[in-house]
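Input: a single structure, listed below in structure tokens.
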Amino acid sequence: MARMHGIHEMEESDSPATHAKRLASLRADAVDRVTSTSAALRALVQDRSSLNDDDEHDPDGAPLSAEWSRLAGQVDAAQSELRQIEAALLRLEEGRYGVCSTCGQRIPNIRLRVRPFAEHCVSCAEQRRGRGRQ
Ligand SMILES: [Zn+2]
């Protein structure tokens, strides 16, 4: 298969199988991250209940709360990424993958390579971001 360069690269589309493979490996990464961050969070909670039994009733005895919220944030981020990837896999299955869910235009392949679970084309994504800030 000949590879084009420059402007033609925008028009070159990956096959659904390529998208599926890319999404599957992203999903495996996200699952790993959900698993490891959740395990770290659980370990933290367990450490705290076994080591700090005596501090249970001390209102200031929460030295791990900053670490706890940091880990909880990581669990949330990993879970949200996993949801986006699974939604993209579902769109792929239904033949809606790579189509902007706002305007219905095809999302350029080059964008899908950078952001395989993109649900919107660049201009719709920018409009949504802009609205979000205002
Ligand atoms: Zn769009």
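Here, A, B, ... name the chains of the structure tokens in the order displayed, residue numbers run from 1 inside each chain, and ligands are numbered from 1 in the same displayed order.
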Select from region 49-130 of chain A every residue with an atom at most 7 Å from any atom of region 24-38 of chain A, then for each give the shortest pair of atoms and their distance in Å to one decimal, using only C-alpha atoms, rows by chain and rising number, as a Markdown table.
```
| residue | atom | partner | partner_atom | distance |
| --- | --- | --- | --- | --- |
| A:Leu71 | CA | A:Thr37 | CA | 6.5 |
| A:Gln74 | CA | A:Thr37 | CA | 6.5 |
| A:Val75 | CA | A:Thr37 | CA | 5.5 |
| A:Ala78 | CA | A:Val34 | CA | 5.3 |
| A:Gln79 | CA | A:Val34 | CA | 6.1 |
| A:Glu81 | CA | A:Ala30 | CA | 6.8 |
| A:Leu82 | CA | A:Ala30 | CA | 5.5 |
| A:Ile85 | CA | A:Arg27 | CA | 6.2 |
```
If you keep N, CA and C atoms, can you produce a file of those selected residues as an mmCIF file, in the first residue's frame?
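Saved as selection02.cif:
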```
data_model
loop_
_atom_site.group_PDB
_atom_site.id
_atom_site.type_symbol
_atom_site.label_atom_id
_atom_site.label_comp_id
_atom_site.auth_asym_id
_atom_site.auth_seq_id
_atom_site.Cartn_x
_atom_site.Cartn_y
_atom_site.Cartn_z
ATOM 1 N N LEU A 71 -5.728 10.289 44.405
ATOM 2 C CA LEU A 71 -5.980 8.975 43.809
ATOM 3 C C LEU A 71 -7.412 8.856 43.289
ATOM 4 N N GLN A 74 -7.612 10.353 40.025
ATOM 5 C CA GLN A 74 -7.016 9.512 38.973
ATOM 6 C C GLN A 74 -7.960 8.374 38.575
ATOM 7 N N VAL A 75 -8.651 7.805 39.577
ATOM 8 C CA VAL A 75 -9.619 6.743 39.281
ATOM 9 C C VAL A 75 -10.725 7.301 38.388
ATOM 10 N N ALA A 78 -9.449 7.902 34.808
ATOM 11 C CA ALA A 78 -9.270 6.647 34.082
ATOM 12 C C ALA A 78 -10.620 6.056 33.694
ATOM 13 N N GLN A 79 -11.596 6.143 34.616
ATOM 14 C CA GLN A 79 -12.923 5.598 34.310
ATOM 15 C C GLN A 79 -13.606 6.394 33.220
ATOM 16 N N GLU A 81 -12.122 8.072 30.824
ATOM 17 C CA GLU A 81 -11.474 7.760 29.557
ATOM 18 C C GLU A 81 -11.959 6.408 29.035
ATOM 19 N N LEU A 82 -12.077 5.438 29.951
ATOM 20 C CA LEU A 82 -12.551 4.114 29.566
ATOM 21 C C LEU A 82 -13.967 4.198 28.977
ATOM 22 N N ILE A 85 -13.772 5.516 25.456
ATOM 23 C CA ILE A 85 -13.236 4.516 24.533
ATOM 24 C C ILE A 85 -14.318 3.473 24.218
#
```
Next item on the list: Write out as a VMD selection string each polymer residue (protein, DNA or RNA) that has an atom no more than 7 Å from ligand 1, with only C-alpha atoms and all ligand atoms counted.
Entry: chain A and resid 100 to 105 120 to 124
Write out the residues from the selection above, keeping C-alpha atoms, as an mmCIF file, in the first residue's frame.
```cif
data_model
loop_
_atom_site.group_PDB
_atom_site.id
_atom_site.type_symbol
_atom_site.label_atom_id
_atom_site.label_comp_id
_atom_site.auth_asym_id
_atom_site.auth_seq_id
_atom_site.Cartn_x
_atom_site.Cartn_y
_atom_site.Cartn_z
ATOM 1 C CA CYS A 100 -19.191 13.996 14.180
ATOM 2 C CA SER A 101 -22.126 13.457 16.504
ATOM 3 C CA THR A 102 -23.015 17.151 16.343
ATOM 4 C CA CYS A 103 -22.894 18.075 12.643
ATOM 5 C CA GLY A 104 -22.691 14.639 11.012
ATOM 6 C CA GLN A 105 -19.537 15.489 9.039
ATOM 7 C CA HIS A 120 -16.827 15.551 17.369
ATOM 8 C CA CYS A 121 -15.046 17.142 14.431
ATOM 9 C CA VAL A 122 -12.483 19.841 15.222
ATOM 10 C CA SER A 123 -14.799 22.805 14.705
ATOM 11 C CA CYS A 124 -17.672 21.354 16.752
#
```
Notebook entry, point to check: In terms of the shortest atom-to-atom distance over only C-alpha atoms, which of A:Arg48, A:Arg91, A:Arg70, A:Arg42 is closest to Pro116 (chain A)?
Noted result: A:Arg91
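The space between CA of Gly95 (chain A) and CA of Glu119 (chain A) spans 13.1 Å.
Using only C-alpha atoms for every distance, the candidate list A:Glu126, A:Glu94, A:Asp14, A:Glu67 yields A:Glu67 as the residue closest to Ala40 (chain A).
Distance-wise, CA of Phe117 (chain A) and CA of Glu93 (chain A) end up 13.3 Å apart.
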Notebook entry, point to check: Which residue, A:Leu44, A:Leu64, A:Lys21, A:Tyr97, has the smallest gap to Asn109 (chain A) when you use only C-alpha atoms?
Noted result: A:Tyr97
Next item on the list: Quote the spacing between CA of Asp47 (chain A) and CA of Ser65 (chain A) in Å to one decimal place.
Entry: 12.4 Å
